[in-house]
file target-v4.txt (compact mmCIF, C-alpha atoms)
# COMPACT_ATOMS: atom_id res chain seq x y z
CA MET Q 1 37.13 70.79 -17.74
CA ASN Q 2 35.75 70.35 -14.25
CA SER Q 3 37.26 73.58 -12.98
CA ILE Q 4 33.81 75.17 -12.83
CA LYS Q 5 31.60 72.90 -10.78
CA VAL Q 6 28.73 71.56 -12.86
CA PRO Q 7 25.62 70.71 -10.83
CA ASP Q 8 25.26 66.97 -10.05
CA ILE Q 9 21.79 66.93 -11.60
CA ILE Q 10 23.26 67.95 -14.97
CA VAL Q 11 26.08 65.41 -14.72
CA SER Q 12 23.49 62.73 -13.93
CA ARG Q 13 21.72 63.37 -17.25
CA LEU Q 14 24.82 63.16 -19.47
CA PRO Q 15 25.00 59.33 -19.44
CA VAL Q 16 21.36 59.25 -20.53
CA TYR Q 17 22.13 61.50 -23.50
CA LEU Q 18 25.18 59.41 -24.33
CA ARG Q 19 23.19 56.18 -24.25
CA ALA Q 20 20.51 57.62 -26.54
CA LEU Q 21 23.10 58.94 -29.00
CA GLN Q 22 24.90 55.58 -29.11
CA TYR Q 23 21.56 53.90 -29.75
CA MET Q 24 20.81 56.36 -32.59
CA ILE Q 25 24.17 55.78 -34.24
CA SER Q 26 23.74 52.01 -33.98
CA ASN Q 27 20.55 52.55 -35.97
CA GLY Q 28 22.42 54.45 -38.69
CA ALA Q 29 21.77 58.09 -37.75
CA THR Q 30 24.61 60.62 -38.00
CA THR Q 31 22.95 63.90 -37.03
CA THR Q 32 20.27 64.84 -34.52
CA SER Q 33 18.68 67.89 -32.90
CA SER Q 34 17.99 68.78 -29.30
CA GLN Q 35 14.30 68.27 -30.15
CA GLU Q 36 14.83 64.74 -31.42
CA LEU Q 37 17.22 63.77 -28.63
CA GLY Q 38 14.79 65.27 -26.13
CA SER Q 39 11.89 63.23 -27.45
CA LYS Q 40 13.99 60.06 -27.08
CA VAL Q 41 14.97 60.68 -23.47
CA GLY Q 42 11.90 62.54 -22.21
CA ILE Q 43 13.76 65.77 -21.47
CA SER Q 44 12.97 69.13 -23.06
CA ALA Q 45 15.11 70.40 -25.94
CA ALA Q 46 15.79 73.59 -23.99
CA GLN Q 47 17.08 71.61 -21.00
CA ILE Q 48 19.37 69.55 -23.22
CA ARG Q 49 20.82 72.67 -24.86
CA LYS Q 50 21.32 74.25 -21.45
CA ASP Q 51 22.98 71.11 -20.03
CA LEU Q 52 25.39 70.75 -22.95
CA SER Q 53 26.22 74.47 -22.94
CA GLN Q 54 27.96 73.89 -19.59
CA PHE Q 55 30.70 72.09 -21.50
CA GLY Q 56 31.08 74.19 -24.65
CA GLU Q 57 29.57 74.47 -28.12
CA PHE Q 58 28.36 71.20 -29.63
CA GLY Q 59 25.84 72.00 -32.33
CA LYS Q 60 25.27 74.51 -35.06
CA GLN Q 61 22.07 76.55 -35.36
CA GLY Q 62 20.03 74.94 -38.11
CA THR Q 63 22.17 71.84 -38.64
CA GLY Q 64 21.95 70.33 -35.16
CA TYR Q 65 24.43 67.90 -33.64
CA HIS Q 66 26.88 65.64 -35.42
CA ILE Q 67 26.31 62.46 -33.41
CA PRO Q 68 29.83 60.94 -33.54
CA PHE Q 69 31.33 64.24 -32.38
CA LEU Q 70 28.81 64.66 -29.55
CA ILE Q 71 29.37 61.06 -28.42
CA GLU Q 72 33.13 61.59 -28.39
CA ARG Q 73 32.82 64.78 -26.35
CA LEU Q 74 30.37 63.24 -23.85
CA GLN Q 75 32.69 60.24 -23.44
CA GLN Q 76 35.56 62.62 -22.71
CA ILE Q 77 33.50 64.66 -20.25
CA LEU Q 78 32.34 61.51 -18.45
CA LYS Q 79 35.87 60.04 -18.70
CA VAL Q 80 34.61 56.87 -20.35
CA GLU Q 81 36.51 57.23 -23.63
CA LEU Q 82 38.85 54.64 -22.16
CA VAL Q 83 37.83 51.61 -20.10
CA TRP Q 84 37.70 51.61 -16.28
CA ASP Q 85 38.59 48.46 -14.40
CA VAL Q 86 35.90 47.46 -11.90
CA VAL Q 87 35.84 44.77 -9.21
CA LEU Q 88 32.71 42.88 -8.23
CA VAL Q 89 32.05 41.68 -4.69
CA GLY Q 90 29.33 39.11 -3.98
CA MET Q 91 28.98 36.08 -6.21
CA GLY Q 92 25.36 35.16 -5.61
CA GLU Q 93 22.88 34.80 -8.43
CA LEU Q 94 22.91 38.54 -9.12
CA GLY Q 95 26.72 38.66 -9.11
CA HIS Q 96 26.78 35.87 -11.67
CA ALA Q 97 24.27 37.67 -13.89
CA ILE Q 98 26.28 40.90 -13.70
CA LEU Q 99 29.51 39.07 -14.48
CA ARG Q 100 28.00 37.66 -17.64
CA TYR Q 101 26.34 40.91 -18.75
CA GLN Q 102 27.82 41.95 -22.10
CA GLY Q 103 26.88 45.62 -21.92
CA PHE Q 104 29.72 47.05 -19.83
CA LEU Q 105 32.78 47.01 -22.07
CA ASN Q 106 31.43 49.03 -24.98
CA ARG Q 107 30.30 51.72 -22.53
CA GLY Q 108 33.54 52.17 -20.61
CA PHE Q 109 33.80 49.47 -17.92
CA LYS Q 110 35.41 46.08 -17.51
CA ILE Q 111 35.02 43.71 -14.57
CA VAL Q 112 38.53 42.48 -13.83
CA ALA Q 113 38.06 40.48 -10.62
CA CYS Q 114 35.32 39.04 -8.42
CA TYR Q 115 35.24 38.32 -4.71
CA ASP Q 116 33.13 36.39 -2.23
CA SER Q 117 33.35 35.34 1.42
CA ASP Q 118 31.97 31.82 0.95
CA PRO Q 119 34.74 29.16 1.14
CA ALA Q 120 32.65 27.00 -1.20
CA LYS Q 121 32.84 29.70 -3.88
CA ILE Q 122 36.40 30.98 -3.40
CA GLY Q 123 38.72 29.45 -5.99
CA THR Q 124 35.94 28.33 -8.32
CA LYS Q 125 35.86 29.49 -11.92
CA VAL Q 126 33.02 31.60 -13.32
CA ASP Q 127 33.60 32.15 -17.02
CA VAL Q 128 37.09 33.61 -17.25
CA TYR Q 129 37.12 34.67 -13.59
CA THR Q 130 38.35 32.86 -10.50
CA VAL Q 131 36.39 33.88 -7.41
CA GLU Q 132 38.78 35.44 -4.89
CA ASP Q 133 38.60 35.71 -1.11
CA VAL Q 134 37.03 38.95 0.09
CA ASN Q 135 39.59 38.97 2.91
CA ASP Q 136 42.31 39.44 0.28
CA LEU Q 137 40.53 42.41 -1.24
CA VAL Q 138 42.60 45.19 0.35
CA LYS Q 139 45.98 43.67 -0.47
CA LYS Q 140 44.91 42.65 -3.98
CA ILE Q 141 43.09 45.80 -5.08
CA GLY Q 142 45.14 48.40 -3.23
CA PRO Q 143 48.25 48.17 -5.44
CA THR Q 144 46.27 48.10 -8.71
CA GLY Q 145 44.83 51.60 -8.39
CA ILE Q 146 41.37 50.32 -9.29
CA LYS Q 147 38.82 52.95 -8.29
CA MET Q 148 35.42 51.35 -8.90
CA ALA Q 149 33.50 48.44 -7.42
CA MET Q 150 30.12 46.78 -7.73
CA LEU Q 151 28.68 45.53 -4.45
CA CYS Q 152 26.24 42.60 -4.66
CA VAL Q 153 26.44 41.24 -1.12
CA PRO Q 154 23.50 40.89 1.31
CA ALA Q 155 22.40 44.07 3.08
CA SER Q 156 23.77 42.78 6.38
CA ALA Q 157 27.32 42.52 4.96
CA ALA Q 158 27.30 45.65 2.80
CA GLN Q 159 28.80 48.21 5.19
CA ALA Q 160 31.57 45.88 6.39
CA VAL Q 161 32.59 45.09 2.80
CA THR Q 162 32.38 48.80 1.99
CA GLU Q 163 34.96 49.49 4.71
CA LYS Q 164 37.31 47.05 2.97
CA LEU Q 165 36.66 48.70 -0.40
CA LEU Q 166 37.44 52.11 1.05
CA GLU Q 167 40.64 50.77 2.59
CA ALA Q 168 41.56 49.40 -0.82
CA GLY Q 169 41.23 52.88 -2.34
CA ILE Q 170 37.88 52.44 -4.10
CA LYS Q 171 36.22 55.81 -4.82
CA GLY Q 172 33.03 54.77 -6.61
CA ILE Q 173 30.64 52.00 -5.52
CA LEU Q 174 27.71 50.73 -7.52
CA ASN Q 175 25.64 49.29 -4.68
CA TYR Q 176 23.11 46.54 -5.40
CA ALA Q 177 22.66 45.74 -1.69
CA PRO Q 178 19.31 47.13 -0.48
CA VAL Q 179 20.80 49.38 2.19
CA SER Q 180 22.31 52.87 2.32
CA LEU Q 181 26.09 52.98 2.72
CA THR Q 182 28.08 55.41 4.85
CA VAL Q 183 31.15 56.66 2.99
CA PRO Q 184 33.52 59.69 3.17
CA ASP Q 185 32.79 62.79 1.11
CA ASP Q 186 35.30 61.91 -1.59
CA VAL Q 187 33.60 58.58 -2.36
CA ARG Q 188 30.53 58.27 -4.60
CA VAL Q 189 27.81 55.63 -4.30
CA GLN Q 190 25.17 54.89 -6.91
CA TYR Q 191 22.29 52.69 -5.82
CA ILE Q 192 20.56 49.95 -7.77
CA ASP Q 193 17.52 48.72 -5.85
CA PRO Q 194 14.57 47.61 -7.97
CA VAL Q 195 12.15 47.93 -5.04
CA ILE Q 196 12.99 51.61 -4.61
CA GLY Q 197 12.06 52.06 -8.27
CA LEU Q 198 8.80 50.14 -7.85
CA GLN Q 199 7.85 52.08 -4.71
CA ARG Q 200 8.53 55.40 -6.45
CA MET Q 201 5.98 54.40 -9.09
CA ALA Q 202 3.42 52.88 -6.72
CA TYR Q 203 2.91 56.30 -5.15
CA TYR Q 204 1.47 57.56 -8.43
CA LEU Q 205 -0.79 54.60 -9.20
CA ASN Q 206 -4.44 54.97 -8.38
CA ASP Q 207 -5.61 51.50 -7.62
CA LYS Q 208 -4.52 47.90 -7.52
CA MET G 1 -3.42 62.44 0.62
CA ASN G 2 -2.18 63.36 -2.86
CA SER G 3 -4.57 66.31 -3.21
CA ILE G 4 -1.67 68.73 -2.82
CA LYS G 5 0.99 67.76 -5.30
CA VAL G 6 4.20 66.75 -3.55
CA PRO G 7 7.34 67.36 -5.62
CA ASP G 8 8.68 64.22 -7.34
CA ILE G 9 12.07 64.71 -5.72
CA ILE G 10 10.52 64.35 -2.26
CA VAL G 11 8.49 61.30 -3.28
CA SER G 12 11.68 59.75 -4.66
CA ARG G 13 13.33 59.95 -1.23
CA LEU G 14 10.50 58.31 0.74
CA PRO G 15 11.38 54.72 -0.30
CA VAL G 16 14.94 55.36 0.85
CA TYR G 17 13.69 56.45 4.28
CA LEU G 18 11.37 53.46 4.43
CA ARG G 19 14.16 51.04 3.57
CA ALA G 20 16.44 52.50 6.26
CA LEU G 21 13.66 52.35 8.88
CA GLN G 22 12.87 48.72 8.03
CA TYR G 23 16.55 47.92 8.32
CA MET G 24 16.71 49.65 11.73
CA ILE G 25 13.70 47.76 13.05
CA SER G 26 15.13 44.46 11.82
CA ASN G 27 18.12 45.29 14.01
CA GLY G 28 15.91 45.82 17.05
CA ALA G 29 15.49 49.62 17.14
CA THR G 30 12.07 51.11 17.93
CA THR G 31 12.72 54.85 17.93
CA THR G 32 14.94 57.12 15.87
CA SER G 33 15.59 60.78 15.17
CA SER G 34 15.87 62.78 11.97
CA GLN G 35 19.60 63.10 12.79
CA GLU G 36 20.10 59.34 13.07
CA LEU G 37 17.97 58.54 10.02
CA GLY G 38 19.80 61.26 8.11
CA SER G 39 23.21 59.82 8.95
CA LYS G 40 22.04 56.40 7.68
CA VAL G 41 20.79 57.67 4.33
CA GLY G 42 23.18 60.56 3.73
CA ILE G 43 20.48 63.23 3.78
CA SER G 44 20.37 66.13 6.24
CA ALA G 45 18.08 65.95 9.27
CA ALA G 46 16.46 69.24 8.20
CA GLN G 47 15.68 67.83 4.76
CA ILE G 48 14.11 64.71 6.26
CA ARG G 49 11.91 66.75 8.60
CA LYS G 50 10.89 68.99 5.70
CA ASP G 51 10.11 66.00 3.44
CA LEU G 52 8.02 64.24 6.08
CA SER G 53 6.17 67.44 7.02
CA GLN G 54 4.55 67.33 3.58
CA PHE G 55 2.49 64.41 4.85
CA GLY G 56 1.65 65.42 8.43
CA GLU G 57 3.17 65.13 11.90
CA PHE G 58 5.27 62.06 12.54
CA GLY G 59 7.59 62.80 15.44
CA LYS G 60 7.51 64.55 18.77
CA GLN G 61 10.02 67.23 19.72
CA GLY G 62 12.54 65.56 22.02
CA THR G 63 11.37 61.95 21.65
CA GLY G 64 11.88 61.55 17.91
CA TYR G 65 10.09 59.05 15.68
CA HIS G 66 8.41 55.82 16.69
CA ILE G 67 9.78 53.57 13.94
CA PRO G 68 6.82 51.16 13.53
CA PHE G 69 4.43 54.09 13.21
CA LEU G 70 6.63 55.93 10.70
CA ILE G 71 7.03 52.74 8.65
CA GLU G 72 3.27 52.22 8.58
CA ARG G 73 2.62 55.78 7.50
CA LEU G 74 5.31 55.70 4.78
CA GLN G 75 3.89 52.40 3.49
CA GLN G 76 0.45 54.00 3.30
CA ILE G 77 1.78 57.09 1.55
CA LEU G 78 3.70 54.97 -0.95
CA LYS G 79 0.72 52.59 -1.24
CA VAL G 80 2.86 49.57 -0.44
CA GLU G 81 1.04 48.52 2.73
CA LEU G 82 -0.52 45.84 0.55
CA VAL G 83 1.21 43.89 -2.20
CA TRP G 84 1.19 44.93 -5.87
CA ASP G 85 1.13 42.27 -8.56
CA VAL G 86 3.89 42.75 -11.13
CA VAL G 87 4.60 41.01 -14.43
CA LEU G 88 8.09 40.39 -15.76
CA VAL G 89 8.92 40.39 -19.47
CA GLY G 90 12.20 38.95 -20.74
CA MET G 91 13.47 35.66 -19.38
CA GLY G 92 17.17 35.95 -20.07
CA GLU G 93 19.76 35.57 -17.34
CA LEU G 94 18.72 38.83 -15.69
CA GLY G 95 15.04 37.90 -15.81
CA HIS G 96 15.85 34.63 -14.08
CA ALA G 97 17.85 36.39 -11.36
CA ILE G 98 15.01 38.87 -10.77
CA LEU G 99 12.45 36.08 -10.63
CA ARG G 100 14.40 34.35 -7.88
CA TYR G 101 15.15 37.51 -5.90
CA GLN G 102 13.55 37.19 -2.47
CA GLY G 103 13.43 40.88 -1.63
CA PHE G 104 10.22 41.98 -3.37
CA LEU G 105 7.40 40.48 -1.33
CA ASN G 106 8.24 41.98 2.06
CA ARG G 107 8.50 45.41 0.44
CA GLY G 108 5.20 45.45 -1.41
CA PHE G 109 5.59 43.60 -4.72
CA LYS G 110 4.97 40.14 -6.08
CA ILE G 111 5.89 38.83 -9.51
CA VAL G 112 2.82 36.92 -10.69
CA ALA G 113 3.71 36.05 -14.29
CA CYS G 114 6.65 36.06 -16.68
CA TYR G 115 6.78 36.40 -20.45
CA ASP G 116 9.24 35.86 -23.28
CA SER G 117 9.16 35.80 -27.09
CA ASP G 118 11.48 32.80 -27.52
CA PRO G 119 9.54 29.64 -28.50
CA ALA G 120 12.23 27.58 -26.74
CA LYS G 121 11.41 29.31 -23.45
CA ILE G 122 7.63 29.64 -23.71
CA GLY G 123 5.92 26.92 -21.71
CA THR G 124 8.99 26.02 -19.66
CA LYS G 125 8.87 26.16 -15.87
CA VAL G 126 11.07 28.51 -13.86
CA ASP G 127 10.52 27.88 -10.17
CA VAL G 128 6.75 28.21 -9.69
CA TYR G 129 6.30 30.14 -12.93
CA THR G 130 5.52 28.97 -16.44
CA VAL G 131 6.99 31.27 -19.08
CA GLU G 132 4.16 32.73 -21.17
CA ASP G 133 4.13 34.02 -24.75
CA VAL G 134 4.70 37.78 -24.98
CA ASN G 135 2.14 37.83 -27.78
CA ASP G 136 -0.52 36.83 -25.24
CA LEU G 137 0.45 39.66 -22.91
CA VAL G 138 -2.38 42.07 -23.78
CA LYS G 139 -5.17 39.53 -23.52
CA LYS G 140 -3.76 37.93 -20.38
CA ILE G 141 -2.80 41.05 -18.40
CA GLY G 142 -5.56 43.38 -19.59
CA PRO G 143 -8.40 41.71 -17.63
CA THR G 144 -6.35 41.33 -14.42
CA GLY G 145 -5.96 45.03 -13.75
CA ILE G 146 -2.23 44.59 -13.10
CA LYS G 147 -0.56 47.99 -13.27
CA MET G 148 3.17 47.29 -12.98
CA ALA G 149 5.75 45.52 -15.11
CA MET G 150 9.47 44.84 -15.11
CA LEU G 151 11.08 44.95 -18.53
CA CYS G 152 14.24 42.86 -19.03
CA VAL G 153 14.28 42.47 -22.82
CA PRO G 154 17.12 43.60 -25.14
CA ALA G 155 17.21 47.31 -25.96
CA SER G 156 16.14 46.62 -29.53
CA ALA G 157 12.86 45.03 -28.36
CA ALA G 158 12.09 47.35 -25.45
CA GLN G 159 9.86 49.95 -27.12
CA ALA G 160 7.79 47.34 -28.99
CA VAL G 161 7.17 45.37 -25.79
CA THR G 162 6.39 48.64 -24.02
CA GLU G 163 3.61 49.29 -26.55
CA LYS G 164 2.09 45.94 -25.61
CA LEU G 165 2.39 46.73 -21.90
CA LEU G 166 0.66 50.07 -22.43
CA GLU G 167 -2.13 48.36 -24.39
CA ALA G 168 -2.51 45.92 -21.49
CA GLY G 169 -3.08 48.82 -19.10
CA ILE G 170 0.33 48.88 -17.40
CA LYS G 171 1.02 52.26 -15.76
CA GLY G 172 4.43 51.70 -14.18
CA ILE G 173 7.45 50.09 -15.88
CA LEU G 174 10.71 49.20 -14.17
CA ASN G 175 12.97 49.20 -17.20
CA TYR G 176 16.18 47.17 -17.15
CA ALA G 177 16.69 47.53 -20.92
CA PRO G 178 19.48 50.06 -21.59
CA VAL G 179 17.32 52.44 -23.62
CA SER G 180 14.91 55.28 -22.88
CA LEU G 181 11.22 54.44 -23.39
CA THR G 182 8.57 56.69 -24.87
CA VAL G 183 5.34 56.51 -22.85
CA PRO G 184 2.24 58.70 -22.33
CA ASP G 185 2.15 61.23 -19.49
CA ASP G 186 0.08 58.99 -17.22
CA VAL G 187 2.66 56.20 -17.29
CA ARG G 188 5.79 56.17 -15.11
CA VAL G 189 9.12 54.56 -15.98
CA GLN G 190 11.97 53.91 -13.56
CA TYR G 191 15.30 52.97 -15.09
CA ILE G 192 17.80 50.39 -13.87
CA ASP G 193 20.99 50.62 -15.92
CA PRO G 194 24.20 49.86 -14.07
CA VAL G 195 26.32 51.58 -16.71
CA ILE G 196 24.48 54.86 -16.19
CA GLY G 197 25.38 54.58 -12.50
CA LEU G 198 29.03 53.81 -13.28
CA GLN G 199 29.29 56.69 -15.76
CA ARG G 200 27.78 59.10 -13.23
CA MET G 201 30.61 58.19 -10.86
CA ALA G 202 33.41 58.12 -13.44
CA TYR G 203 32.89 61.84 -14.04
CA TYR G 204 34.04 62.54 -10.47
CA LEU G 205 37.05 60.24 -10.44
CA ASN G 206 40.43 61.80 -10.99
CA ASP G 207 42.49 59.08 -12.59
CA LYS G 208 42.43 55.50 -13.70
call {"tool": "encode", "arguments": {"input": "target-v4.txt", "output": "structure tokens"}}
result
Amino acid sequence: MNSIKVPDIIVSRLPVYLRALQYMISNGATTTSSQELGSKVGISAAQIRKDLSQFGEFGKQGTGYHIPFLIERLQQILKVELVWDVVLVGMGELGHAILRYQGFLNRGFKIVACYDSDPAKIGTKVDVYTVEDVNDLVKKIGPTGIKMAMLCVPASAAQAVTEKLLEAGIKGILNYAPVSLTVPDDVRVQYIDPVIGLQRMAYYLNDK
Amino acid sequence: MNSIKVPDIIVSRLPVYLRALQYMISNGATTTSSQELGSKVGISAAQIRKDLSQFGEFGKQGTGYHIPFLIERLQQILKVELVWDVVLVGMGELGHAILRYQGFLNRGFKIVACYDSDPAKIGTKVDVYTVEDVNDLVKKIGPTGIKMAMLCVPASAAQAVTEKLLEAGIKGILNYAPVSLTVPDDVRVQYIDPVIGLQRMAYYLNDK
């Protein structure tokens, strides 16, 4: 289905639609319209119809979208109808919070291992996980075929750990370290930096 | 400086440039070029020059950018040369991790109060903070003129708490709850949802 290249900006909106639809269905809804979905996610109905039309026909004129069907199709398009294994590197406070977050599995992701470089942490148990040595990362992850990682190490260590992740065959990095990563073209990075979000809003605020 | 409207997409990149420049200076650099900065952040040199040109002249042909000057100007443009007070709502595990994160203050933000709805949490101390009652949010925040909030409550509570934040005069919300918020046009929301980031990458991965 990816034979025609869909613009990244459209792909980036699909998870937002999926999240809204899953929220609607958890509240008992079974059908929706591009207008209603648009009002939930702050995107125009026309844009939603145009985005979805890249992937086929999803709704009927007049009756709108059948939510379970649209969810199933979006999950297939995003390849999250099954669950991806993910490794987590960096077991500081944030790493612990992420490890305990319950919202991954029902949206397509499962943390299967966690790593740190601190000898005091390696070998300790955190919930069902045993913290592993980041120096074993390449030999441990390589053979598994795991493709995704979450990076929660300090900025100063982020690029060096990234090199290990790349060597281990990781192709997608969710980066919580407040620094840009350098990766090859076939590797994706998504950034999570709360300060970037705050600064993007500060620009628009008029006074303190 | 905002008299000519700068496209949102350009504004959204400025914090990324600022972060990279601050990282460079912390490593001892004092000058850089659009090429070097571009290689750090994964954006072309031409795009960086074009983005910065929206706000004036920053570099000299041949000598590049003086990093301290460019940092100062970007901080002014983003209005983070001083520190913004921010309130945090939702004192679960994530709220605790955010409260203890040391990376806000040196980048323009300070958490000054935290709120929760759980009677077992209200009144307890977390570091230097005392958890306050979310029902007091409007009367407490309103008079302070605080404009920014971080929202770390469950998805099911997010819109209701948002209504309170709006009533209290909040104009920028960093939303960690995995749900889209409905806000008036003069209010900005930035979303932090790790699963959205993971799903955006899964689309591009070829196999599990």
call {"tool": "residues_around", "arguments": {"input": "target-v4.txt", "residues": "stretch 35-38 of chain G", "least_positions_apart": "6", "cutoff": "9 Å", "atoms": "only C-alpha atoms", "output": "list of chain:residue names"}}
result
G:Tyr17, G:Ala20, G:Leu21, G:Ser44, G:Ala45, G:Ala46, G:Gln47, G:Ile48
call {"tool": "interface_residues", "arguments": {"input": "target-v4.txt", "of": "chain G", "to": "chain Q", "cutoff": "6 Å", "atoms": "only C-alpha atoms", "output": "list in words"}}
result
Ser12, Pro15, Val41, Leu78, Lys79, Leu94, Ala97, Gly172, Ser180, Gln190, Ile196, Gly197, Arg200, Met201 and Tyr203 of chain G
call {"tool": "atom_distance", "arguments": {"input": "target-v4.txt", "atom1": "atom CA of Q:Ala160", "atom2": "atom CA of G:Tyr65"}}
result
26.9 Å
call {"tool": "atom_distance", "arguments": {"input": "target-v4.txt", "atom1": "atom CA of G:Ile43", "atom2": "atom CA of Q:Pro154"}}
result
22.7 Å
call {"tool": "atom_distance", "arguments": {"input": "target-v4.txt", "atom1": "atom CA of G:Ala177", "atom2": "atom CA of G:Cys152"}}
result
5.6 Å
call {"tool": "closest_residue", "arguments": {"input": "target-v4.txt", "among": "Q:Glu163, Q:Glu81, Q:Asp185, Q:Glu57", "to": "Q:Val138", "atoms": "all atoms listed in the file"}}
result
Q:Glu163
call {"tool": "closest_residue", "arguments": {"input": "target-v4.txt", "among": "Q:Arg49, Q:Lys164, Q:Lys5, Q:Lys121", "to": "Q:Asn135", "atoms": "only C-alpha atoms"}}
result
Q:Lys164
call {"tool": "closest_residue", "arguments": {"input": "target-v4.txt", "among": "Q:Ile170, Q:Arg73, Q:Asp127, Q:Pro68", "to": "Q:Gly56", "atoms": "only C-alpha atoms"}}
result
Q:Arg73
call {"tool": "residues_around", "arguments": {"input": "target-v4.txt", "residues": "G:Cys114", "least_positions_apart": "6", "cutoff": "10 Å", "atoms": "only C-alpha atoms", "output": "list in words"}}
result
Val86, Val87, Leu88, Val89, Gly90, Met91, Gly95, His96, Leu99, Ile122, Val126, Tyr129, Thr130, Val131, Glu132, Asp133, Val134, Leu137, Ala149 and Met150 of chain G
call {"tool": "closest_residue", "arguments": {"input": "target-v4.txt", "among": "G:Phe55, G:Ile10, G:Leu70, G:Thr63", "to": "G:Ile25", "atoms": "all atoms listed in the file"}}
result
G:Leu70
